[in-house]
Amino acid sequence: MIFTAICGSIFSLLADMPRDYYPNSLEGKNGAELKTELHNLLKNHTRLPYGSRDYNQIACTWTVFKKSDVRPNKKVWDMYSNNSYNFPNGAGATNGMNIEHSVPKSWWGDAANYDGTNALTRFKYDGSYDLHHLTPSDADANMAKSNYPLGVVDSPSFDNGVTKVGTGQANGRATNLFEPADEYKGDFARMYLYFVTCYQDYSWKSSALSMFAQNSYPTLNAYGQSLLLKWHRQDPVSQKEIDRNNAVYSFQGNRNPFIDYPNMVEYIWGDSTNYEFSFSGQSTSAPSISISNDKIEFGYIGTETSKDKEIYIKGKNLTTDITAKLLNNDSGDFSLGMSNLPAHELNTTGINLAITFSPRSIGTRNVTLRLSSDELSAPIDIIISGTVLLSDASYLRIIDIKSTYKKSDEPVRLMLNMNLDTQWTVDGKPATHLTPSELSAGLHTIQFTTTYGTGKMRVQIIE
């Protein structure tokens, strides 16, 4: 929701109270949930008139620039060149400079003069007016930058010492890219992260898909996410960004949260997506682990052989390691790949715990894998089971039965390759023998059932 501007100075009293701007509902969230909560907060802001002339006494883009993009010496702070530019006396734009959409407006399909009635309707989309990514730019650098994605330029076609434009690698192929100076890479990264959060519901044009993704989370493709995280980490928030954030807030009424709380980036896209965000920086939920299965079945296995299985274990907010232990494993038929599971590894990548079943005698085995630590509210138990057959009979089969019999043939005892308690049926009727003389010509089904499994075969009776 966008509000019609009343007066830029109406918000100035709030500019130095960023914590009051952020609701407590952000606490305890991460990933997509935290991003969407921020989206719902940021999208509620004031649309300011685009251009160099105030509209109905409402501050326009260039009026905001005089507060948001001014150097200590009162000159224009241009992140695209080292040229020295002065703000004009009174209203108007600086000669030789443009209003630059740091995130190109063509990426969401906007163009100038959507409705030229006034400075609040020149563009269709709110993102085209948003001062959190609009900046004053040297006109030549702006033209060279075009609507190219961010990236590292290997072969420059334009380089003025601050802005570099040319080809480089993006998404595994050569691409035209815009690379800002190192001192501004974090600034641009946080502008882009703000944009894909505030406008995560936009439908992106094909040009945007060089960095963005057509979804509400993460709204960045792998290349875009990796690059922005890298630049965000390499170039920390500067006083310039803090001052600019406060200035834009005083006019537009919303803030860039990734300047106020840089670590919030990690909770949405980075290395803390498995933790819940907290303004204090402390974890807000109890340590826990999740498992891929609560039961592991090894099925049938022969003696003197072995079989391996894995269970995936993922931690959240763990500060102490997890102990893995097998209970009721007196026979020693089961073993674990590791018994101490490091908390850091569980929290980040998770662990595939290997379990080996190497039985030495026949029968059914049932053991319990227990995962525990002092900080878990209760241990987690996983049931493990397997059935052992003789090694020379790793599967059950019917023996001494032919596929075809004459009705005149003698009865044949029904037997398996193992001496097990077995229930037999012939065509669904209990039996101990196959008696050809009692069966009609045609196909008949012999079936067996044991505690270790079932099976069947077909025999044909001929006259």
# chains A, B, ... in the order shown; residues from 1 in each chain; ligands from 1
$ residues_around --residues "A:Pro136" --least-positions-apart "4" --cutoff "7 Å" --atoms "only C-alpha atoms" --output "list of chain:residue names"
A:Asp78, A:Met97, A:Asn98, A:Ile99, A:Glu100
$ write_last_selection --atoms "N, CA and C atoms" --output "PDB file, in the first residue's frame"
ATOM      1  N   ASP A  78      28.013  11.497  -5.586  1.00  0.00           N
ATOM      2  CA  ASP A  78      27.753  10.686  -6.778  1.00  0.00           C
ATOM      3  C   ASP A  78      28.481   9.352  -6.635  1.00  0.00           C
ATOM      4  N   MET A  97      23.753  15.567 -14.576  1.00  0.00           N
ATOM      5  CA  MET A  97      23.404  14.408 -13.748  1.00  0.00           C
ATOM      6  C   MET A  97      21.993  13.936 -14.076  1.00  0.00           C
ATOM      7  N   ASN A  98      21.740  12.657 -13.779  1.00  0.00           N
ATOM      8  CA  ASN A  98      20.418  12.045 -13.953  1.00  0.00           C
ATOM      9  C   ASN A  98      19.936  11.464 -12.633  1.00  0.00           C
ATOM     10  N   ILE A  99      18.659  11.196 -12.585  1.00  0.00           N
ATOM     11  CA  ILE A  99      18.117  10.342 -11.518  1.00  0.00           C
ATOM     12  C   ILE A  99      18.304   8.903 -11.983  1.00  0.00           C
ATOM     13  N   GLU A 100      19.090   8.151 -11.255  1.00  0.00           N
ATOM     14  CA  GLU A 100      19.382   6.789 -11.681  1.00  0.00           C
ATOM     15  C   GLU A 100      18.619   5.767 -10.845  1.00  0.00           C
TER      16      GLU A 100
END
$ residues_around --residues "stretch 162-165 of chain A" --least-positions-apart "6" --cutoff "6 Å" --atoms "only C-alpha atoms" --output "compact mmCIF listing (two decimals) with C-alpha atoms, in the first residue's frame"
# COMPACT_ATOMS: atom_id res chain seq x y z
CA TYR A 80 28.93 6.69 -10.26
CA SER A 81 31.83 9.10 -10.79
CA PRO A 156 35.70 -2.98 -19.54
CA LEU A 177 27.80 -6.07 -16.39
CA PHE A 178 27.99 -2.95 -14.22
CA GLU A 179 30.61 -2.95 -11.48
CA PRO A 180 30.67 -0.11 -8.92
CA ALA A 181 33.75 0.93 -6.97
$ closest_residue --among "A:Leu229, A:Ile242, A:Leu318, A:Ile362" --to "A:Ile268" --atoms "only C-alpha atoms"
A:Leu229
$ select_by_dssp --residues "stretch 169-338 of chain A" --states "strand (DSSP E)" --output "JSON, numbers by chain"
{"A": [169, 170, 173, 174, 175, 176, 177, 178, 179, 288, 289, 290, 291, 295, 296, 297, 298, 299, 300, 301, 302, 307, 308, 309, 310, 311, 312, 313, 314, 315, 316, 322, 323, 324, 325, 326, 327, 334, 335, 336]}
$ residues_around --residues "A:Gly166" --least-positions-apart "2" --cutoff "10 Å" --atoms "only C-alpha atoms" --output "list in words"
Ala144, Lys145, Tyr148, Gly151, Val152, Val153, Asp154, Ser155, Pro156, Ser157, Phe158, Asp159, Lys164, Gly168, Ala174, Thr175, Asn176, Leu177, Phe178 and Glu179 of chain A
$ closest_residue --among "A:Trp108, A:Phe258, A:Phe357, A:Tyr312" --to "A:Arg233" --atoms "only C-alpha atoms"
A:Phe258
$ select_by_dssp --residues "stretch 64-313 of chain A" --states "helix (DSSP H, G or I)" --output "ChimeraX atom specification"
/A:64-68,105-108,126-128,139-145,182-198,206-210,222-234,239-252,257-260,264-268
$ residues_around --residues "A:Val265" --least-positions-apart "2" --cutoff "12 Å" --atoms "only C-alpha atoms" --output "PDB file with N, CA and C atoms, in the first residue's frame"
ATOM      1  N   ASN A  30      12.802 -16.393  10.252  1.00  0.00           N
ATOM      2  CA  ASN A  30      13.974 -16.478   9.386  1.00  0.00           C
ATOM      3  C   ASN A  30      13.516 -16.805   7.974  1.00  0.00           C
ATOM      4  N   GLY A  31      14.464 -16.781   7.035  1.00  0.00           N
ATOM      5  CA  GLY A  31      14.171 -17.186   5.664  1.00  0.00           C
ATOM      6  C   GLY A  31      12.985 -16.468   5.057  1.00  0.00           C
ATOM      7  N   ALA A  32      12.142 -17.229   4.378  1.00  0.00           N
ATOM      8  CA  ALA A  32      10.998 -16.674   3.658  1.00  0.00           C
ATOM      9  C   ALA A  32      10.033 -15.955   4.590  1.00  0.00           C
ATOM     10  N   LEU A  34      10.635 -14.374   7.458  1.00  0.00           N
ATOM     11  CA  LEU A  34      11.174 -13.072   7.862  1.00  0.00           C
ATOM     12  C   LEU A  34      11.133 -12.100   6.696  1.00  0.00           C
ATOM     13  N   LYS A  35      11.465 -12.558   5.509  1.00  0.00           N
ATOM     14  CA  LYS A  35      11.456 -11.692   4.337  1.00  0.00           C
ATOM     15  C   LYS A  35      10.042 -11.168   4.052  1.00  0.00           C
ATOM     16  N   LEU A  38       9.021  -8.514   6.516  1.00  0.00           N
ATOM     17  CA  LEU A  38       9.623  -7.228   6.144  1.00  0.00           C
ATOM     18  C   LEU A  38       8.916  -6.627   4.936  1.00  0.00           C
ATOM     19  N   GLY A 186      28.895  -2.660  -1.251  1.00  0.00           N
ATOM     20  CA  GLY A 186      27.937  -2.999  -0.202  1.00  0.00           C
ATOM     21  C   GLY A 186      26.688  -2.148  -0.274  1.00  0.00           C
ATOM     22  N   ALA A 189      24.570  -3.563  -3.011  1.00  0.00           N
ATOM     23  CA  ALA A 189      24.041  -4.862  -2.586  1.00  0.00           C
ATOM     24  C   ALA A 189      22.837  -4.680  -1.670  1.00  0.00           C
ATOM     25  N   ARG A 190      22.950  -3.760  -0.708  1.00  0.00           N
ATOM     26  CA  ARG A 190      21.845  -3.557   0.233  1.00  0.00           C
ATOM     27  C   ARG A 190      20.654  -2.868  -0.426  1.00  0.00           C
ATOM     28  N   MET A 191      20.897  -2.051  -1.450  1.00  0.00           N
ATOM     29  CA  MET A 191      19.776  -1.493  -2.223  1.00  0.00           C
ATOM     30  C   MET A 191      19.006  -2.608  -2.931  1.00  0.00           C
ATOM     31  N   TYR A 192      19.749  -3.516  -3.558  1.00  0.00           N
ATOM     32  CA  TYR A 192      19.110  -4.615  -4.278  1.00  0.00           C
ATOM     33  C   TYR A 192      18.367  -5.543  -3.317  1.00  0.00           C
ATOM     34  N   LEU A 193      18.969  -5.828  -2.163  1.00  0.00           N
ATOM     35  CA  LEU A 193      18.312  -6.694  -1.183  1.00  0.00           C
ATOM     36  C   LEU A 193      17.039  -6.040  -0.657  1.00  0.00           C
ATOM     37  N   TYR A 194      17.096  -4.740  -0.435  1.00  0.00           N
ATOM     38  CA  TYR A 194      15.882  -4.005  -0.059  1.00  0.00           C
ATOM     39  C   TYR A 194      14.819  -4.151  -1.143  1.00  0.00           C
ATOM     40  N   VAL A 196      14.319  -6.420  -3.577  1.00  0.00           N
ATOM     41  CA  VAL A 196      13.674  -7.723  -3.766  1.00  0.00           C
ATOM     42  C   VAL A 196      12.854  -8.124  -2.547  1.00  0.00           C
ATOM     43  N   THR A 197      12.980  -7.371  -1.461  1.00  0.00           N
ATOM     44  CA  THR A 197      12.137  -7.605  -0.287  1.00  0.00           C
ATOM     45  C   THR A 197      10.881  -6.743  -0.361  1.00  0.00           C
ATOM     46  N   PRO A 218      13.689 -17.025  -2.741  1.00  0.00           N
ATOM     47  CA  PRO A 218      14.490 -15.911  -2.210  1.00  0.00           C
ATOM     48  C   PRO A 218      14.460 -14.662  -3.095  1.00  0.00           C
ATOM     49  N   GLN A 225      22.197 -14.064  -5.573  1.00  0.00           N
ATOM     50  CA  GLN A 225      22.302 -14.242  -4.122  1.00  0.00           C
ATOM     51  C   GLN A 225      23.758 -14.311  -3.684  1.00  0.00           C
ATOM     52  N   LEU A 228      25.457 -10.676  -4.116  1.00  0.00           N
ATOM     53  CA  LEU A 228      25.001  -9.665  -3.161  1.00  0.00           C
ATOM     54  C   LEU A 228      25.468  -9.992  -1.745  1.00  0.00           C
ATOM     55  N   LEU A 229      25.451 -11.270  -1.371  1.00  0.00           N
ATOM     56  CA  LEU A 229      25.970 -11.646  -0.057  1.00  0.00           C
ATOM     57  C   LEU A 229      27.454 -11.310   0.047  1.00  0.00           C
ATOM     58  N   LYS A 230      28.197 -11.599  -1.009  1.00  0.00           N
ATOM     59  CA  LYS A 230      29.641 -11.328  -1.004  1.00  0.00           C
ATOM     60  C   LYS A 230      29.913  -9.842  -0.844  1.00  0.00           C
ATOM     61  N   TRP A 231      29.252  -9.009  -1.628  1.00  0.00           N
ATOM     62  CA  TRP A 231      29.483  -7.568  -1.558  1.00  0.00           C
ATOM     63  C   TRP A 231      28.977  -6.988  -0.234  1.00  0.00           C
ATOM     64  N   HIS A 232      27.874  -7.498   0.256  1.00  0.00           N
ATOM     65  CA  HIS A 232      27.343  -7.046   1.543  1.00  0.00           C
ATOM     66  C   HIS A 232      28.352  -7.303   2.657  1.00  0.00           C
ATOM     67  N   ARG A 233      28.994  -8.454   2.611  1.00  0.00           N
ATOM     68  CA  ARG A 233      29.950  -8.814   3.664  1.00  0.00           C
ATOM     69  C   ARG A 233      31.278  -8.075   3.507  1.00  0.00           C
ATOM     70  N   PRO A 236      31.056  -3.256   4.559  1.00  0.00           N
ATOM     71  CA  PRO A 236      30.062  -3.043   5.621  1.00  0.00           C
ATOM     72  C   PRO A 236      29.355  -1.697   5.508  1.00  0.00           C
ATOM     73  N   ASN A 256      15.511   1.082   5.021  1.00  0.00           N
ATOM     74  CA  ASN A 256      16.197  -0.094   4.505  1.00  0.00           C
ATOM     75  C   ASN A 256      16.678  -0.895   5.715  1.00  0.00           C
ATOM     76  N   PRO A 257      16.036  -2.022   6.009  1.00  0.00           N
ATOM     77  CA  PRO A 257      16.383  -2.763   7.232  1.00  0.00           C
ATOM     78  C   PRO A 257      17.787  -3.347   7.210  1.00  0.00           C
ATOM     79  N   PHE A 258      18.350  -3.526   6.018  1.00  0.00           N
ATOM     80  CA  PHE A 258      19.665  -4.152   5.915  1.00  0.00           C
ATOM     81  C   PHE A 258      20.796  -3.160   6.176  1.00  0.00           C
ATOM     82  N   ILE A 259      20.425  -1.893   6.320  1.00  0.00           N
ATOM     83  CA  ILE A 259      21.364  -0.880   6.813  1.00  0.00           C
ATOM     84  C   ILE A 259      21.245  -0.784   8.331  1.00  0.00           C
ATOM     85  N   ASP A 260      20.014  -0.794   8.838  1.00  0.00           N
ATOM     86  CA  ASP A 260      19.799  -0.746  10.292  1.00  0.00           C
ATOM     87  C   ASP A 260      20.272  -2.018  10.982  1.00  0.00           C
ATOM     88  N   TYR A 261      19.995  -3.160  10.367  1.00  0.00           N
ATOM     89  CA  TYR A 261      20.356  -4.464  10.944  1.00  0.00           C
ATOM     90  C   TYR A 261      21.036  -5.313   9.870  1.00  0.00           C
ATOM     91  N   PRO A 262      22.314  -5.067   9.600  1.00  0.00           N
ATOM     92  CA  PRO A 262      23.005  -5.786   8.524  1.00  0.00           C
ATOM     93  C   PRO A 262      22.966  -7.308   8.676  1.00  0.00           C
ATOM     94  N   ASN A 263      22.949  -7.793   9.934  1.00  0.00           N
ATOM     95  CA  ASN A 263      22.947  -9.243  10.143  1.00  0.00           C
ATOM     96  C   ASN A 263      21.622  -9.882   9.726  1.00  0.00           C
ATOM     97  N   TYR A 267      20.043 -13.915   8.095  1.00  0.00           N
ATOM     98  CA  TYR A 267      18.878 -14.694   8.531  1.00  0.00           C
ATOM     99  C   TYR A 267      17.920 -14.978   7.376  1.00  0.00           C
ATOM    100  N   ILE A 268      18.012 -14.183   6.310  1.00  0.00           N
ATOM    101  CA  ILE A 268      17.114 -14.377   5.164  1.00  0.00           C
ATOM    102  C   ILE A 268      17.793 -15.166   4.055  1.00  0.00           C
ATOM    103  N   TRP A 269      19.059 -14.821   3.730  1.00  0.00           N
ATOM    104  CA  TRP A 269      19.732 -15.455   2.587  1.00  0.00           C
ATOM    105  C   TRP A 269      21.060 -16.120   2.951  1.00  0.00           C
ATOM    106  N   GLY A 270      21.606 -15.829   4.109  1.00  0.00           N
ATOM    107  CA  GLY A 270      22.983 -16.183   4.378  1.00  0.00           C
ATOM    108  C   GLY A 270      23.182 -17.381   5.278  1.00  0.00           C
ATOM    109  N   ASP A 271      24.127 -17.254   6.212  1.00  0.00           N
ATOM    110  CA  ASP A 271      24.559 -18.399   7.009  1.00  0.00           C
ATOM    111  C   ASP A 271      23.748 -18.612   8.280  1.00  0.00           C
ATOM    112  N   SER A 272      22.697 -17.831   8.486  1.00  0.00           N
ATOM    113  CA  SER A 272      21.901 -17.965   9.714  1.00  0.00           C
ATOM    114  C   SER A 272      20.437 -18.292   9.423  1.00  0.00           C
ATOM    115  N   THR A 273      20.170 -18.841   8.257  1.00  0.00           N
ATOM    116  CA  THR A 273      18.779 -19.138   7.902  1.00  0.00           C
ATOM    117  C   THR A 273      18.183 -20.257   8.750  1.00  0.00           C
ATOM    118  N   PHE A 277      15.665 -14.874  13.863  1.00  0.00           N
ATOM    119  CA  PHE A 277      16.186 -13.519  14.037  1.00  0.00           C
ATOM    120  C   PHE A 277      15.738 -12.955  15.377  1.00  0.00           C
TER     121      PHE A 277
END
$ residues_around --residues "A:Gly127" --least-positions-apart "5" --cutoff "9 Å" --atoms "only C-alpha atoms" --output "PyMOL selection string"
chain A and resi 105+108+133+195+198-199
$ write_last_selection --atoms "N, CA and C atoms" --output "mmCIF file, in the first residue's frame"
data_model
loop_
_atom_site.group_PDB
_atom_site.id
_atom_site.type_symbol
_atom_site.label_atom_id
_atom_site.label_comp_id
_atom_site.auth_asym_id
_atom_site.auth_seq_id
_atom_site.Cartn_x
_atom_site.Cartn_y
_atom_site.Cartn_z
ATOM 1 N N LYS A 105 14.555 0.062 -13.948
ATOM 2 C CA LYS A 105 13.087 -0.016 -13.969
ATOM 3 C C LYS A 105 12.564 -0.889 -15.104
ATOM 4 N N TRP A 108 11.160 -4.495 -14.232
ATOM 5 C CA TRP A 108 9.754 -4.793 -13.899
ATOM 6 C C TRP A 108 8.788 -4.181 -14.910
ATOM 7 N N HIS A 133 16.472 3.336 -3.698
ATOM 8 C CA HIS A 133 17.389 2.883 -4.743
ATOM 9 C C HIS A 133 17.581 3.923 -5.846
ATOM 10 N N PHE A 195 15.240 -3.995 -2.390
ATOM 11 C CA PHE A 195 14.278 -3.967 -3.481
ATOM 12 C C PHE A 195 13.571 -5.310 -3.634
ATOM 13 N N CYS A 198 11.060 -5.453 -0.596
ATOM 14 C CA CYS A 198 9.912 -4.543 -0.680
ATOM 15 C C CYS A 198 8.990 -4.910 -1.842
ATOM 16 N N TYR A 199 9.569 -5.378 -2.944
ATOM 17 C CA TYR A 199 8.785 -5.641 -4.166
ATOM 18 C C TYR A 199 8.878 -7.108 -4.583
#
$ atom_distance --atom1 "atom CA of A:Ser128" --atom2 "atom CA of A:Ala247"
18.3 Å
$ closest_residue --among "A:Ser335, A:Ser203, A:Thr320, A:Asn293" --to "A:Lys307" --atoms "only C-alpha atoms"
A:Ser335
$ residues_around --residues "A:Arg458" --least-positions-apart "2" --cutoff "12 Å" --atoms "only C-alpha atoms" --output "list in words"
Ile398, Ile401, Lys402, Ser403, Thr404, Tyr405, Thr425, Val426, Asp427, Leu434, Gly442, Leu443, His444, Thr445, Ile446, Gln447, Gly455, Lys456, Gln460 and Ile461 of chain A
$ write_last_selection --atoms "C-alpha atoms" --output "PDB file, in the first residue's frame"
ATOM      1  CA  ILE A 398      10.643 -73.050  -2.872  1.00  0.00           C
ATOM      2  CA  ILE A 401       9.067 -78.331  -7.172  1.00  0.00           C
ATOM      3  CA  LYS A 402       8.933 -78.546 -10.977  1.00  0.00           C
ATOM      4  CA  SER A 403       7.025 -76.145 -13.176  1.00  0.00           C
ATOM      5  CA  THR A 404       4.921 -78.912 -14.820  1.00  0.00           C
ATOM      6  CA  TYR A 405       3.334 -82.141 -13.519  1.00  0.00           C
ATOM      7  CA  THR A 425      -1.451 -73.139   0.517  1.00  0.00           C
ATOM      8  CA  VAL A 426      -2.276 -74.493  -2.935  1.00  0.00           C
ATOM      9  CA  ASP A 427      -4.838 -72.316  -4.676  1.00  0.00           C
ATOM     10  CA  LEU A 434       1.401 -80.749  -3.998  1.00  0.00           C
ATOM     11  CA  GLY A 442      -4.137 -75.833 -15.918  1.00  0.00           C
ATOM     12  CA  LEU A 443      -2.157 -73.371 -13.774  1.00  0.00           C
ATOM     13  CA  HIS A 444      -2.164 -73.525  -9.963  1.00  0.00           C
ATOM     14  CA  THR A 445      -0.566 -71.295  -7.303  1.00  0.00           C
ATOM     15  CA  ILE A 446       1.604 -72.503  -4.433  1.00  0.00           C
ATOM     16  CA  GLN A 447       2.170 -69.902  -1.694  1.00  0.00           C
ATOM     17  CA  GLY A 455       6.472 -66.121  -1.639  1.00  0.00           C
ATOM     18  CA  LYS A 456       4.697 -68.086  -4.337  1.00  0.00           C
ATOM     19  CA  GLN A 460       0.999 -76.377 -14.511  1.00  0.00           C
ATOM     20  CA  ILE A 461      -0.954 -79.663 -14.381  1.00  0.00           C
TER      21      ILE A 461
END
$ residues_around --residues "A:Ile289" --least-positions-apart "6" --cutoff "7 Å" --atoms "only C-alpha atoms" --output "PDB file with C-alpha atoms, in the first residue's frame"
ATOM      1  CA  ILE A 313      19.913 -35.278  11.189  1.00  0.00           C
ATOM      2  CA  LYS A 314      19.509 -31.457  11.180  1.00  0.00           C
ATOM      3  CA  GLY A 315      19.998 -29.175  14.145  1.00  0.00           C
ATOM      4  CA  LYS A 316      18.588 -25.788  15.052  1.00  0.00           C
TER       5      LYS A 316
END
$ decode --residues "stretch 28-42 of chain A" --atoms "N, CA and C atoms" --output "PDB file, in the first residue's frame"
ATOM      1  N   GLY A  28      12.009 -14.094  16.012  1.00  0.00           N
ATOM      2  CA  GLY A  28      11.702 -15.517  15.919  1.00  0.00           C
ATOM      3  C   GLY A  28      11.474 -16.028  14.514  1.00  0.00           C
ATOM      4  N   LYS A  29      11.712 -15.183  13.510  1.00  0.00           N
ATOM      5  CA  LYS A  29      11.496 -15.597  12.121  1.00  0.00           C
ATOM      6  C   LYS A  29      12.824 -15.680  11.380  1.00  0.00           C
ATOM      7  N   ASN A  30      12.802 -16.393  10.252  1.00  0.00           N
ATOM      8  CA  ASN A  30      13.974 -16.478   9.386  1.00  0.00           C
ATOM      9  C   ASN A  30      13.516 -16.805   7.974  1.00  0.00           C
ATOM     10  N   GLY A  31      14.464 -16.781   7.035  1.00  0.00           N
ATOM     11  CA  GLY A  31      14.171 -17.186   5.664  1.00  0.00           C
ATOM     12  C   GLY A  31      12.985 -16.468   5.057  1.00  0.00           C
ATOM     13  N   ALA A  32      12.142 -17.229   4.378  1.00  0.00           N
ATOM     14  CA  ALA A  32      10.998 -16.674   3.658  1.00  0.00           C
ATOM     15  C   ALA A  32      10.033 -15.955   4.590  1.00  0.00           C
ATOM     16  N   GLU A  33       9.843 -16.490   5.781  1.00  0.00           N
ATOM     17  CA  GLU A  33       8.888 -15.894   6.716  1.00  0.00           C
ATOM     18  C   GLU A  33       9.352 -14.514   7.165  1.00  0.00           C
ATOM     19  N   LEU A  34      10.635 -14.374   7.458  1.00  0.00           N
ATOM     20  CA  LEU A  34      11.174 -13.072   7.862  1.00  0.00           C
ATOM     21  C   LEU A  34      11.133 -12.100   6.696  1.00  0.00           C
ATOM     22  N   LYS A  35      11.465 -12.558   5.509  1.00  0.00           N
ATOM     23  CA  LYS A  35      11.456 -11.692   4.337  1.00  0.00           C
ATOM     24  C   LYS A  35      10.042 -11.168   4.052  1.00  0.00           C
ATOM     25  N   THR A  36       9.058 -12.025   4.144  1.00  0.00           N
ATOM     26  CA  THR A  36       7.679 -11.606   3.875  1.00  0.00           C
ATOM     27  C   THR A  36       7.168 -10.657   4.951  1.00  0.00           C
ATOM     28  N   GLU A  37       7.577 -10.878   6.188  1.00  0.00           N
ATOM     29  CA  GLU A  37       7.196  -9.956   7.266  1.00  0.00           C
ATOM     30  C   GLU A  37       7.773  -8.564   6.985  1.00  0.00           C
ATOM     31  N   LEU A  38       9.021  -8.514   6.516  1.00  0.00           N
ATOM     32  CA  LEU A  38       9.623  -7.228   6.144  1.00  0.00           C
ATOM     33  C   LEU A  38       8.916  -6.627   4.936  1.00  0.00           C
ATOM     34  N   HIS A  39       8.584  -7.452   3.955  1.00  0.00           N
ATOM     35  CA  HIS A  39       7.866  -6.982   2.770  1.00  0.00           C
ATOM     36  C   HIS A  39       6.584  -6.255   3.172  1.00  0.00           C
ATOM     37  N   ASN A  40       5.839  -6.846   4.091  1.00  0.00           N
ATOM     38  CA  ASN A  40       4.578  -6.241   4.525  1.00  0.00           C
ATOM     39  C   ASN A  40       4.805  -4.924   5.261  1.00  0.00           C
ATOM     40  N   LEU A  41       5.973  -4.769   5.878  1.00  0.00           N
ATOM     41  CA  LEU A  41       6.315  -3.516   6.544  1.00  0.00           C
ATOM     42  C   LEU A  41       6.781  -2.463   5.543  1.00  0.00           C
ATOM     43  N   LEU A  42       7.706  -2.824   4.667  1.00  0.00           N
ATOM     44  CA  LEU A  42       8.354  -1.854   3.785  1.00  0.00           C
ATOM     45  C   LEU A  42       7.427  -1.310   2.712  1.00  0.00           C
TER      46      LEU A  42
END
